[in-house]
file my_file-v1.cif (mmCIF, C-alpha atoms and all ligand atoms)
data_query
#
loop_
_atom_site.label_atom_id
_atom_site.label_comp_id
_atom_site.auth_asym_id
_atom_site.auth_seq_id
_atom_site.Cartn_x
_atom_site.Cartn_y
_atom_site.Cartn_z
CA VAL A 1 -24.78 5.09 16.60
CA LEU A 2 -24.15 1.54 17.77
CA ALA A 3 -24.55 2.48 21.43
CA GLU A 4 -27.86 4.16 20.62
CA LYS A 5 -29.08 0.95 19.01
CA ARG A 6 -27.69 -1.16 21.89
CA ILE A 7 -25.45 -3.05 19.48
CA ASP A 8 -22.31 -4.55 21.00
CA ALA A 9 -20.48 -5.17 17.73
CA PHE A 10 -21.24 -4.54 14.07
CA LEU A 11 -20.06 -6.90 11.32
CA VAL A 12 -19.43 -5.14 8.00
CA THR A 13 -18.75 -7.03 4.76
CA THR A 14 -19.60 -4.44 2.07
CA THR A 15 -16.31 -3.36 0.53
CA SER A 16 -17.32 0.26 -0.14
CA ASP A 17 -18.46 0.61 3.49
CA ILE A 18 -15.13 -0.86 4.64
CA ARG A 19 -13.29 1.56 2.36
CA TRP A 20 -15.16 4.42 4.05
CA LEU A 21 -14.69 3.09 7.59
CA THR A 22 -10.96 2.49 7.23
CA GLY A 23 -10.16 5.44 4.97
CA PHE A 24 -7.65 3.16 3.22
CA SER A 25 -7.51 4.48 -0.34
CA ARG A 26 -6.33 2.53 -3.38
CA VAL A 27 -6.29 -0.73 -1.45
CA PHE A 28 -9.67 -2.26 -2.16
CA ASP A 29 -11.01 -3.65 -5.41
CA GLU A 30 -14.51 -4.90 -6.21
CA GLU A 31 -14.07 -8.15 -4.28
CA ARG A 32 -16.02 -8.82 -1.11
CA ALA A 33 -12.90 -10.21 0.53
CA HIS A 34 -12.95 -8.47 3.92
CA LEU A 35 -14.76 -8.39 7.23
CA VAL A 36 -14.72 -5.47 9.64
CA ILE A 37 -15.86 -5.77 13.24
CA VAL A 38 -16.65 -2.50 15.00
CA SER A 39 -17.13 -2.95 18.74
CA SER A 40 -19.40 -0.31 20.20
CA ASP A 41 -16.89 0.41 22.98
CA ALA A 42 -13.95 0.85 20.58
CA LEU A 43 -13.68 4.58 21.34
CA GLU A 44 -13.49 4.06 25.12
CA THR A 45 -11.23 1.04 25.09
CA GLY A 46 -8.91 2.12 22.27
CA ASP A 47 -9.22 -1.27 20.66
CA GLY A 48 -12.13 -3.15 19.20
CA LEU A 49 -11.70 -2.35 15.50
CA TYR A 50 -10.90 -5.56 13.64
CA LEU A 51 -10.18 -6.08 9.97
CA HIS A 52 -10.04 -9.62 8.64
CA THR A 53 -8.53 -9.71 5.18
CA ASP A 54 -5.97 -11.85 3.35
CA MET A 55 -2.36 -11.50 2.30
CA ARG A 56 -3.28 -9.99 -1.07
CA TYR A 57 -4.29 -6.84 0.82
CA SER A 58 -2.80 -6.99 4.33
CA GLY A 59 0.71 -5.80 3.39
CA VAL A 60 -0.44 -2.47 1.96
CA MET A 61 -2.98 -2.06 4.74
CA ARG A 62 -0.39 -2.49 7.47
CA ALA A 63 1.94 -0.05 5.72
CA ARG A 64 -0.62 2.74 5.89
CA PRO A 65 0.13 5.51 8.38
CA ASP A 66 -3.38 5.22 9.81
CA ALA A 67 -3.30 1.42 10.17
CA GLY A 68 -2.55 1.52 13.92
CA VAL A 69 -6.13 1.67 15.18
CA TRP A 70 -6.99 -1.57 13.39
CA THR A 71 -6.31 -5.13 14.44
CA ILE A 72 -5.47 -6.48 11.00
CA PHE A 73 -5.68 -10.26 10.72
CA ASP A 74 -4.87 -12.11 7.51
CA GLU A 75 -4.85 -15.79 8.34
CA ARG A 76 -6.85 -18.04 6.10
CA MET A 77 -10.05 -18.84 7.90
CA GLY A 78 -13.69 -18.09 7.28
CA HIS A 79 -14.86 -14.59 8.19
CA ALA A 80 -17.69 -16.14 10.21
CA LEU A 81 -15.37 -18.21 12.36
CA TYR A 82 -13.05 -15.22 12.82
CA ALA A 83 -15.98 -13.09 13.95
CA ALA A 84 -17.27 -15.73 16.36
CA GLU A 85 -13.84 -16.38 17.90
CA THR A 86 -13.03 -12.67 18.17
CA LEU A 87 -16.30 -11.73 19.81
CA LYS A 88 -16.21 -14.71 22.11
CA GLY A 89 -12.69 -13.75 23.20
CA ARG A 90 -13.71 -10.15 23.71
CA PHE A 91 -17.05 -10.51 25.42
CA VAL A 92 -17.23 -13.84 27.27
CA PRO A 93 -14.59 -12.85 29.88
CA ARG A 94 -16.48 -9.58 30.43
CA MET A 95 -19.71 -11.44 30.89
CA GLN A 96 -18.02 -13.64 33.47
CA SER A 97 -16.44 -10.74 35.40
CA THR A 98 -19.41 -8.36 35.38
CA ALA A 99 -23.15 -8.60 35.59
CA TRP A 100 -23.43 -8.68 31.81
CA GLN A 101 -26.23 -6.39 30.76
CA GLY A 102 -28.72 -8.24 32.97
CA GLY A 103 -28.26 -11.55 31.15
CA GLU A 104 -29.10 -10.02 27.76
CA PRO A 105 -27.72 -11.75 24.69
CA LEU A 106 -24.76 -10.20 22.89
CA ARG A 107 -26.32 -8.04 20.18
CA ILE A 108 -24.37 -8.37 16.96
CA GLY A 109 -25.28 -6.01 14.14
CA ILE A 110 -25.35 -7.38 10.61
CA GLU A 111 -26.04 -5.62 7.32
CA GLY A 112 -29.58 -5.75 5.99
CA ASP A 113 -28.31 -6.93 2.60
CA LEU A 114 -25.88 -9.54 3.92
CA PRO A 115 -25.69 -12.50 1.50
CA LEU A 116 -27.66 -15.47 2.77
CA ASN A 117 -24.64 -17.79 2.68
CA ILE A 118 -22.69 -15.48 5.02
CA TRP A 119 -25.70 -15.23 7.33
CA ARG A 120 -25.87 -19.02 7.53
CA ALA A 121 -22.14 -19.31 8.15
CA LEU A 122 -22.38 -16.73 10.96
CA HIS A 123 -25.13 -18.68 12.68
CA GLU A 124 -23.16 -21.91 12.44
CA ALA A 125 -19.94 -20.37 13.74
CA PHE A 126 -21.59 -18.44 16.57
CA ASP A 127 -23.71 -21.43 17.65
CA GLU A 128 -20.58 -23.52 17.85
CA GLN A 129 -18.35 -20.95 19.56
CA PHE A 130 -20.89 -19.61 22.04
CA GLU A 131 -22.33 -22.98 23.07
CA GLY A 132 -21.72 -23.54 26.77
CA SER A 133 -20.14 -20.08 27.18
CA GLY A 134 -23.04 -18.77 29.22
CA LEU A 135 -23.42 -15.89 26.77
CA ALA A 136 -26.23 -15.95 24.24
CA TYR A 137 -26.07 -13.94 21.02
CA GLU A 138 -28.46 -12.50 18.51
CA LEU A 139 -27.92 -11.14 15.00
CA VAL A 140 -29.65 -7.79 14.54
CA GLU A 141 -30.21 -6.34 11.05
CA LEU A 142 -28.98 -2.77 10.67
CA GLU A 143 -30.47 -1.52 7.42
CA ASN A 144 -28.40 1.07 5.51
CA LEU A 145 -26.57 2.24 8.61
CA ILE A 146 -23.24 3.08 6.98
CA VAL A 147 -24.85 4.14 3.71
CA GLY A 148 -26.65 6.83 5.71
CA LEU A 149 -23.43 8.02 7.32
CA ARG A 150 -21.62 8.01 3.99
CA ALA A 151 -24.21 10.26 2.38
CA VAL A 152 -22.79 13.34 4.10
CA LYS A 153 -19.32 14.05 2.77
CA ASP A 154 -16.49 15.92 4.44
CA ALA A 155 -13.88 18.28 2.99
CA ASP A 156 -11.39 15.52 2.16
CA GLU A 157 -14.07 13.70 0.25
CA TYR A 158 -15.06 16.84 -1.71
CA GLU A 159 -11.48 17.10 -2.81
CA LEU A 160 -11.44 13.59 -4.25
CA LEU A 161 -14.83 14.07 -5.90
CA ARG A 162 -13.61 17.31 -7.47
CA ALA A 163 -10.44 15.59 -8.65
CA ALA A 164 -12.51 12.84 -10.27
CA GLN A 165 -14.70 15.47 -11.94
CA SER A 166 -11.74 17.41 -13.21
CA VAL A 167 -10.50 14.33 -15.12
CA THR A 168 -14.04 13.90 -16.41
CA ASP A 169 -14.25 17.50 -17.64
CA ALA A 170 -10.87 17.08 -19.34
CA GLY A 171 -12.19 13.92 -20.98
CA PHE A 172 -15.15 15.81 -22.39
CA THR A 173 -12.95 18.62 -23.72
CA HIS A 174 -10.78 15.99 -25.38
CA MET A 175 -13.81 14.37 -26.98
CA LEU A 176 -14.96 17.69 -28.45
CA ASP A 177 -11.74 17.65 -30.47
CA TYR A 178 -12.00 14.00 -31.31
CA LEU A 179 -15.65 13.28 -32.16
CA ARG A 180 -16.56 13.30 -35.86
CA PRO A 181 -18.81 11.46 -38.29
CA GLY A 182 -17.42 8.09 -39.32
CA LEU A 183 -16.26 6.95 -35.88
CA ILE A 184 -17.77 3.83 -34.34
CA GLU A 185 -19.43 4.27 -30.92
CA ARG A 186 -17.17 1.63 -29.42
CA GLU A 187 -13.94 3.23 -30.64
CA ALA A 188 -15.04 6.67 -29.44
CA ALA A 189 -15.79 5.22 -25.98
CA VAL A 190 -12.35 3.60 -25.88
CA GLU A 191 -10.73 6.93 -26.79
CA LEU A 192 -12.53 8.65 -23.91
CA GLU A 193 -11.56 5.94 -21.44
CA PHE A 194 -7.95 5.83 -22.65
CA PHE A 195 -7.71 9.60 -22.24
CA MET A 196 -9.07 9.57 -18.70
CA ARG A 197 -6.82 6.70 -17.61
CA ASN A 198 -3.84 8.62 -19.00
CA ASN A 199 -4.85 11.81 -17.25
CA GLY A 200 -5.29 10.87 -13.61
CA ALA A 201 -8.19 8.42 -13.45
CA ASP A 202 -7.45 5.26 -11.44
CA GLY A 203 -10.33 3.69 -13.30
CA LEU A 204 -13.78 4.34 -14.68
CA ALA A 205 -16.58 5.36 -12.36
CA PHE A 206 -18.90 2.96 -14.21
CA PRO A 207 -19.16 1.49 -17.73
CA SER A 208 -19.16 4.53 -20.04
CA ILE A 209 -22.23 5.27 -22.11
CA LEU A 210 -21.50 6.66 -25.55
CA ALA A 211 -24.54 6.53 -27.78
CA SER A 212 -25.32 8.08 -31.15
CA GLY A 213 -28.40 8.84 -33.23
CA PRO A 214 -31.46 6.80 -32.27
CA ASN A 215 -29.38 4.92 -29.65
CA THR A 216 -29.43 8.06 -27.49
CA ALA A 217 -33.09 7.28 -26.74
CA ASN A 218 -31.86 4.39 -24.58
CA PRO A 219 -30.83 5.92 -21.23
CA HIS A 220 -28.32 3.18 -20.46
CA ALA A 221 -27.09 2.38 -23.97
CA VAL A 222 -23.98 0.22 -24.31
CA PRO A 223 -21.51 1.58 -26.91
CA GLY A 224 -21.86 -0.60 -29.99
CA ASP A 225 -21.02 -0.84 -33.67
CA ARG A 226 -23.07 2.09 -34.94
CA MET A 227 -21.19 4.68 -36.98
CA LEU A 228 -21.57 8.31 -35.95
CA GLN A 229 -23.28 10.39 -38.62
CA THR A 230 -23.82 14.05 -39.37
CA GLY A 231 -26.99 15.20 -37.66
CA ASP A 232 -26.70 12.72 -34.78
CA PHE A 233 -27.16 13.44 -31.16
CA VAL A 234 -24.14 11.95 -29.39
CA LEU A 235 -24.67 11.28 -25.68
CA LEU A 236 -21.72 10.70 -23.35
CA ASP A 237 -22.42 9.60 -19.77
CA PHE A 238 -19.21 8.77 -17.98
CA GLY A 239 -16.98 9.36 -15.01
CA ALA A 240 -13.63 8.70 -13.43
CA LYS A 241 -12.47 7.13 -10.20
CA VAL A 242 -9.80 8.87 -8.12
CA ASP A 243 -8.69 7.32 -4.82
CA ASP A 244 -11.92 5.24 -4.95
CA TYR A 245 -14.21 8.28 -5.29
CA ARG A 246 -16.30 8.58 -8.44
CA SER A 247 -17.64 11.27 -10.73
CA ASP A 248 -20.70 11.20 -12.96
CA MET A 249 -21.45 13.51 -15.89
CA THR A 250 -23.58 13.45 -19.02
CA ARG A 251 -23.35 15.74 -22.03
CA THR A 252 -25.22 15.46 -25.31
CA ILE A 253 -23.90 17.17 -28.42
CA VAL A 254 -24.98 17.32 -32.06
CA LEU A 255 -22.70 16.39 -34.94
CA GLY A 256 -23.25 19.15 -37.49
CA SER A 257 -26.06 21.67 -37.18
CA ALA A 258 -28.88 20.92 -34.78
CA SER A 259 -32.40 20.68 -36.20
CA GLU A 260 -35.28 22.67 -34.70
CA ARG A 261 -36.55 19.55 -32.98
CA GLN A 262 -33.16 18.75 -31.52
CA ARG A 263 -32.92 22.29 -30.17
CA GLU A 264 -36.38 22.13 -28.66
CA ILE A 265 -35.59 18.87 -26.83
CA TYR A 266 -32.20 20.15 -25.72
CA GLU A 267 -33.55 23.45 -24.40
CA ALA A 268 -36.27 21.65 -22.39
CA VAL A 269 -33.73 19.34 -20.75
CA LEU A 270 -31.33 22.18 -20.06
CA ARG A 271 -34.06 24.30 -18.49
CA ALA A 272 -35.18 21.37 -16.30
CA GLN A 273 -31.60 20.73 -15.24
CA THR A 274 -30.82 24.38 -14.50
CA GLU A 275 -33.96 24.87 -12.43
CA ALA A 276 -33.67 21.55 -10.60
CA MET A 277 -30.07 22.37 -9.61
CA ALA A 278 -31.10 25.86 -8.52
CA SER A 279 -33.79 24.37 -6.28
CA LEU A 280 -31.40 22.25 -4.22
CA ARG A 281 -30.76 23.30 -0.64
CA PRO A 282 -30.99 21.76 2.83
CA GLY A 283 -34.54 20.79 3.72
CA VAL A 284 -35.65 20.00 0.16
CA ALA A 285 -37.40 16.62 -0.01
CA GLY A 286 -35.99 14.02 -2.43
CA PRO A 287 -38.94 14.06 -4.89
CA GLU A 288 -39.25 17.86 -5.21
CA PRO A 289 -36.58 18.59 -7.86
CA GLN A 290 -37.95 15.85 -10.13
CA ALA A 291 -41.47 17.21 -9.78
CA LEU A 292 -40.06 20.57 -10.87
CA ALA A 293 -38.34 19.02 -13.90
CA ASP A 294 -41.53 17.16 -14.85
CA ALA A 295 -43.53 20.39 -14.67
CA ILE A 296 -41.08 22.05 -17.08
CA PHE A 297 -41.36 19.09 -19.47
CA ALA A 298 -45.17 19.10 -19.26
CA ASP A 299 -45.23 22.85 -20.03
CA ARG A 300 -43.42 22.15 -23.27
CA GLY A 301 -45.49 19.13 -24.24
CA PHE A 302 -42.96 16.48 -23.23
CA GLY A 303 -43.69 13.46 -21.07
CA ALA A 304 -42.41 12.99 -17.52
CA LEU A 305 -38.82 11.95 -16.84
CA PRO A 306 -38.82 8.13 -17.10
CA HIS A 307 -36.02 7.58 -14.55
CA GLY A 308 -34.85 9.09 -11.28
CA LEU A 309 -33.61 12.68 -11.50
CA GLY A 310 -30.50 12.07 -9.45
CA HIS A 311 -28.63 10.13 -6.83
CA GLY A 312 -25.82 10.39 -4.34
CA VAL A 313 -22.28 9.69 -5.55
CA GLY A 314 -19.16 8.86 -3.58
CA ILE A 315 -17.31 5.60 -3.21
CA ASP A 316 -20.23 4.00 -5.05
CA ILE A 317 -21.65 5.44 -8.23
CA HIS A 318 -25.19 5.18 -6.88
CA GLU A 319 -25.51 5.88 -3.19
CA SER A 320 -27.64 7.82 -0.76
CA PRO A 321 -29.48 10.19 -0.96
CA ASN A 322 -31.92 9.52 -3.73
CA LEU A 323 -33.54 12.27 -5.82
CA SER A 324 -36.43 10.40 -7.38
CA LEU A 325 -40.18 10.68 -6.99
CA LYS A 326 -40.09 7.71 -4.58
CA SER A 327 -37.37 9.15 -2.38
CA LYS A 328 -37.90 9.48 1.36
CA ASP A 329 -34.66 11.44 1.78
CA VAL A 330 -34.42 15.09 2.75
CA LEU A 331 -31.37 17.03 1.64
CA VAL A 332 -28.82 18.21 4.18
CA GLU A 333 -25.59 20.15 3.83
CA GLY A 334 -22.84 17.84 2.57
CA HIS A 335 -25.03 15.61 0.40
CA VAL A 336 -23.36 15.05 -2.98
CA VAL A 337 -25.93 14.44 -5.70
CA THR A 338 -26.36 14.30 -9.46
CA VAL A 339 -29.06 16.13 -11.38
CA GLU A 340 -29.70 14.33 -14.66
CA PRO A 341 -32.98 14.99 -16.45
CA GLY A 342 -33.47 13.57 -19.94
CA ILE A 343 -35.98 13.35 -22.75
CA TYR A 344 -35.97 10.14 -24.78
CA VAL A 345 -37.88 9.73 -28.06
CA ASN A 346 -37.96 6.14 -29.22
CA GLY A 347 -36.56 5.66 -32.72
CA TYR A 348 -35.38 9.26 -32.83
CA GLY A 349 -32.99 9.99 -30.00
CA GLY A 350 -32.62 11.58 -26.64
CA VAL A 351 -30.85 14.19 -24.58
CA ARG A 352 -29.60 13.94 -21.02
CA ILE A 353 -27.57 16.55 -19.18
CA GLU A 354 -26.00 15.58 -15.86
CA ASP A 355 -23.89 17.46 -13.33
CA TYR A 356 -23.00 16.64 -9.79
CA GLY A 357 -22.08 18.71 -6.80
CA VAL A 358 -22.63 19.29 -3.12
CA VAL A 359 -25.57 20.69 -1.19
CA THR A 360 -24.31 23.69 0.78
CA ALA A 361 -25.93 25.87 3.45
CA GLU A 362 -26.94 28.33 0.69
CA GLY A 363 -27.83 25.95 -2.11
CA PHE A 364 -25.80 23.78 -4.44
CA GLU A 365 -22.18 23.97 -5.50
CA ASP A 366 -21.64 22.32 -8.87
CA PHE A 367 -18.47 20.24 -9.23
CA THR A 368 -18.97 20.04 -13.01
CA ALA A 369 -17.18 22.60 -15.16
CA SER A 370 -18.12 21.40 -18.68
CA PRO A 371 -20.38 23.78 -20.61
CA HIS A 372 -24.13 23.26 -20.65
CA GLU A 373 -25.10 25.04 -23.86
CA LEU A 374 -25.81 22.96 -26.92
CA ILE A 375 -22.56 22.16 -28.74
CA GLU A 376 -22.69 21.58 -32.50
CA LEU A 377 -19.54 19.94 -33.82
N1 LIG B 1 -24.82 6.23 -15.80
C1 LIG B 1 -25.08 6.18 -14.45
C2 LIG B 1 -25.84 7.34 -13.97
O1 LIG B 1 -25.76 8.41 -14.52
O2 LIG B 1 -26.52 7.25 -13.01
MN MN B 2 -24.24 9.41 -15.38
MN MN B 3 -25.91 9.56 -12.57
#
call {"tool": "encode", "arguments": {"input": "my_file-v1.cif", "output": "structure tokens"}}
result
Amino acid sequence: VLAEKRIDAFLVTTTSDIRWLTGFSRVFDEERAHLVIVSSDALETGDGLYLHTDMRYSGVMRARPDAGVWTIFDERMGHALYAAETLKGRFVPRMQSTAWQGGEPLRIGIEGDLPLNIWRALHEAFDEQFEGSGLAYELVELENLIVGLRAVKDADEYELLRAAQSVTDAGFTHMLDYLRPGLIEREAAVELEFFMRNNGADGLAFPSILASGPNTANPHAVPGDRMLQTGDFVLLDFGAKVDDYRSDMTRTIVLGSASERQREIYEAVLRAQTEAMASLRPGVAGPEPQALADAIFADRGFGALPHGLGHGVGIDIHESPNLSLKSKDVLVEGHVVTVEPGIYVNGYGGVRIEDYGVVTAEGFEDFTASPHELIEL
């Protein structure tokens, strides 16, 4: 990809992209503490993959069986200076010994969402290092390059995603035994998280949503002090992280017997979810499944889905591709996406049902095993 874009070296600072590039599992945390340099000739030369980190991480990185292809550097210096010195050392001698690309500047790829302070530091370091070298440089924005590559998963990644979902399914089964009127949202959420951590989750995929009663009308409710009551909808939207890969599932249940209105809302959401999942296959445009869900809602007198129908999941909880009405993505085999329609009635409550799985040559393979039918506890 870099050669196609005539990029000589790409600087990567986004931790989840670095996790994907290196394949180093259970090494990274949420900190943006690393810089990767990918030289476009790394495949031919057998070197040219650099990882600047610090001693908090370098020991485990070097111990990995697949560490050999990386030049791992952990001395304390700014990433910008490291990048400038490394690229100067790599490319200036080549420029001097060959007719360097017709006098073109060195084209250094940077991420489109690089923080401004890093961008400034790069300019300062490169100006200083390259001055008088005879080689000019330019920083070229590469928007979403790795995000696009990450969207298509391979078999090893499916395995981790399935493992994360299996902890999630087990968490839901556990909660069906545990949930009852009288619990506080917050304590129920803690129970779910405690269970998952004790049953194979390295961490949570994202802050769990556990909402009850009218709070279920808020799609991203934060578990609070409300007490669960008979007749409530209880919505659980949660996931686990296994070897840095995440799962994402939502189920909504009723405590006690569901009312007619609760059933009507639930059935509409379930129908939209079932049909949207059944519509997934390679070639489907990002907005199509949501349009289908909205048509099912409209048929039954409900308003349109007020948020995106789904999203890619992997190392990040929200990644490419996007399944919303604004999406420009087209599904291909290997895309892992959620399908999560919901109906939210202010002051009353809401229902969301969410699965995730992989787009296959024939359609969609659901990773989620938890039941879809309305559960009355
Ligand atoms: N709660 C995050 C999501 O479902 O997208
Ligand atoms: Mn979710
Ligand atoms: Mn989701």
call {"tool": "residues_around", "arguments": {"input": "my_file-v1.cif", "residues": "Arg76 (chain A)", "least_positions_apart": "5", "cutoff": "9 Å", "atoms": "only C-alpha atoms", "output": "ChimeraX atom specification"}}
result
/A:53-55
call {"tool": "residues_around", "arguments": {"input": "my_file-v1.cif", "residues": "Asp177 (chain A)", "least_positions_apart": "5", "cutoff": "12 Å", "atoms": "all atoms listed in the file", "output": "list in words"}}
result
Ala170, Gly171, Phe172, Ala188, Glu191, Leu192, Leu255, Ile375, Glu376 and Leu377 of chain A
call {"tool": "residues_near_point", "arguments": {"input": "my_file-v1.cif", "point": "(-21.0, -15.7, 23.2)", "cutoff": "8 Å", "atoms": "only C-alpha atoms", "output": "list in words"}}
result
Ala84, Leu87, Lys88, Phe91, Val92, Pro105, Leu106, Phe126, Gln129, Phe130, Glu131, Ser133, Gly134, Leu135, Ala136 and Tyr137 of chain A
call {"tool": "residues_around", "arguments": {"input": "my_file-v1.cif", "residues": "region 33-37 of chain A", "least_positions_apart": "6", "cutoff": "12 Å", "atoms": "all atoms listed in the file", "output": "PyMOL selection string"}}
result
chain A and resi 2+7-22+27+47-58+61+70-87+90+108-111+114+118+122
call {"tool": "residues_near_point", "arguments": {"input": "my_file-v1.cif", "point": "(-34.5, 9.8, -14.0)", "cutoff": "8 Å", "atoms": "all atoms listed in the file", "output": "ChimeraX atom specification"}}
result
/A:290,305-310,324,340-342
call {"tool": "residues_around", "arguments": {"input": "my_file-v1.cif", "residues": "Leu183 (chain A)", "least_positions_apart": "6", "cutoff": "9 Å", "atoms": "all atoms listed in the file", "output": "list in words"}}
result
Arg226, Met227, Leu228 and Gln229 of chain A
call {"tool": "atom_distance", "arguments": {"input": "my_file-v1.cif", "atom1": "CA of Glu30 (chain A)", "atom2": "CA of Ser370 (chain A)"}}
result
29.3 Å
call {"tool": "residues_near_ligand", "arguments": {"input": "my_file-v1.cif", "ligand": "ligand MN 3 (chain B)", "cutoff": "9 Å", "atoms": "all atoms listed in the file", "output": "list in words"}}
result
Asp237, Phe238, Ser247, Asp248, Met249, Thr250, Leu309, Gly310, His311, Gly312, Val313, Ile317, His318, Val337, Thr338, Val339, Glu340, Glu354, Asp355 and Tyr356 of chain A
call {"tool": "write_last_selection", "arguments": {"input": "my_file-v1.cif", "atoms": "C-alpha atoms", "output": "PDB file, in the frame of the given file"}}
result
ATOM      1  CA  ASP A 237     -22.420   9.600 -19.770  1.00  0.00           C
ATOM      2  CA  PHE A 238     -19.210   8.770 -17.980  1.00  0.00           C
ATOM      3  CA  SER A 247     -17.640  11.270 -10.730  1.00  0.00           C
ATOM      4  CA  ASP A 248     -20.700  11.200 -12.960  1.00  0.00           C
ATOM      5  CA  MET A 249     -21.450  13.510 -15.890  1.00  0.00           C
ATOM      6  CA  THR A 250     -23.580  13.450 -19.020  1.00  0.00           C
ATOM      7  CA  LEU A 309     -33.610  12.680 -11.500  1.00  0.00           C
ATOM      8  CA  GLY A 310     -30.500  12.070  -9.450  1.00  0.00           C
ATOM      9  CA  HIS A 311     -28.630  10.130  -6.830  1.00  0.00           C
ATOM     10  CA  GLY A 312     -25.820  10.390  -4.340  1.00  0.00           C
ATOM     11  CA  VAL A 313     -22.280   9.690  -5.550  1.00  0.00           C
ATOM     12  CA  ILE A 317     -21.650   5.440  -8.230  1.00  0.00           C
ATOM     13  CA  HIS A 318     -25.190   5.180  -6.880  1.00  0.00           C
ATOM     14  CA  VAL A 337     -25.930  14.440  -5.700  1.00  0.00           C
ATOM     15  CA  THR A 338     -26.360  14.300  -9.460  1.00  0.00           C
ATOM     16  CA  VAL A 339     -29.060  16.130 -11.380  1.00  0.00           C
ATOM     17  CA  GLU A 340     -29.700  14.330 -14.660  1.00  0.00           C
ATOM     18  CA  GLU A 354     -26.000  15.580 -15.860  1.00  0.00           C
ATOM     19  CA  ASP A 355     -23.890  17.460 -13.330  1.00  0.00           C
ATOM     20  CA  TYR A 356     -23.000  16.640  -9.790  1.00  0.00           C
TER      21      TYR A 356
END
call {"tool": "closest_residue", "arguments": {"input": "my_file-v1.cif", "among": "A:Ile296, A:Leu323, A:Val345, A:Ile146", "to": "ligand LIG 1 (chain B)", "atoms": "only C-alpha atoms and all ligand atoms"}}
result
A:Leu323
call {"tool": "residues_around", "arguments": {"input": "my_file-v1.cif", "residues": "region 251-253 of chain A", "least_positions_apart": "5", "cutoff": "6 Å", "atoms": "all atoms listed in the file", "output": "PyMOL selection string"}}
result
chain A and resi 233-236+351+353+375
call {"tool": "decode", "arguments": {"input": "my_file-v1.cif", "residues": "region 275-313 of chain A", "atoms": "C-alpha atoms", "output": "CSV table (one decimal), in the first residue's frame"}}
result
chain,number,residue,atom,x,y,z
A,275,GLU,CA,-34.0,-9.1,8.9
A,276,ALA,CA,-31.1,-6.7,9.0
A,277,MET,CA,-28.7,-9.6,9.9
A,278,ALA,CA,-30.2,-11.7,7.2
A,279,SER,CA,-29.6,-9.0,4.6
A,280,LEU,CA,-25.8,-8.9,5.2
A,281,ARG,CA,-23.5,-10.2,2.5
A,282,PRO,CA,-20.6,-9.0,0.4
A,283,GLY,CA,-21.6,-6.0,-1.8
A,284,VAL,CA,-24.3,-4.6,0.5
A,285,ALA,CA,-23.8,-0.9,1.0
A,286,GLY,CA,-23.4,0.4,4.6
A,287,PRO,CA,-26.7,2.3,4.8
A,288,GLU,CA,-28.9,-0.6,3.4
A,289,PRO,CA,-29.5,-2.7,6.5
A,290,GLN,CA,-30.5,0.4,8.5
A,291,ALA,CA,-33.0,1.5,5.8
A,292,LEU,CA,-34.5,-2.0,6.1
A,293,ALA,CA,-34.8,-1.7,9.9
A,294,ASP,CA,-36.3,1.7,9.5
A,295,ALA,CA,-38.9,0.4,7.1
A,296,ILE,CA,-39.9,-2.4,9.6
A,297,PHE,CA,-40.2,0.3,12.3
A,298,ALA,CA,-42.3,2.6,10.1
A,299,ASP,CA,-44.6,-0.4,9.2
A,300,ARG,CA,-45.4,-0.8,12.8
A,301,GLY,CA,-45.8,2.9,13.6
A,302,PHE,CA,-42.5,3.4,15.3
A,303,GLY,CA,-40.0,6.2,14.4
A,304,ALA,CA,-36.7,5.7,12.7
A,305,LEU,CA,-33.7,4.3,14.5
A,306,PRO,CA,-32.0,7.3,16.2
A,307,HIS,CA,-28.5,6.0,16.0
A,308,GLY,CA,-26.3,3.9,13.7
A,309,LEU,CA,-27.4,0.3,13.1
A,310,GLY,CA,-24.0,-1.1,13.5
A,311,HIS,CA,-20.3,-0.8,13.4
A,312,GLY,CA,-17.1,-2.8,12.9
A,313,VAL,CA,-15.5,-4.4,16.0
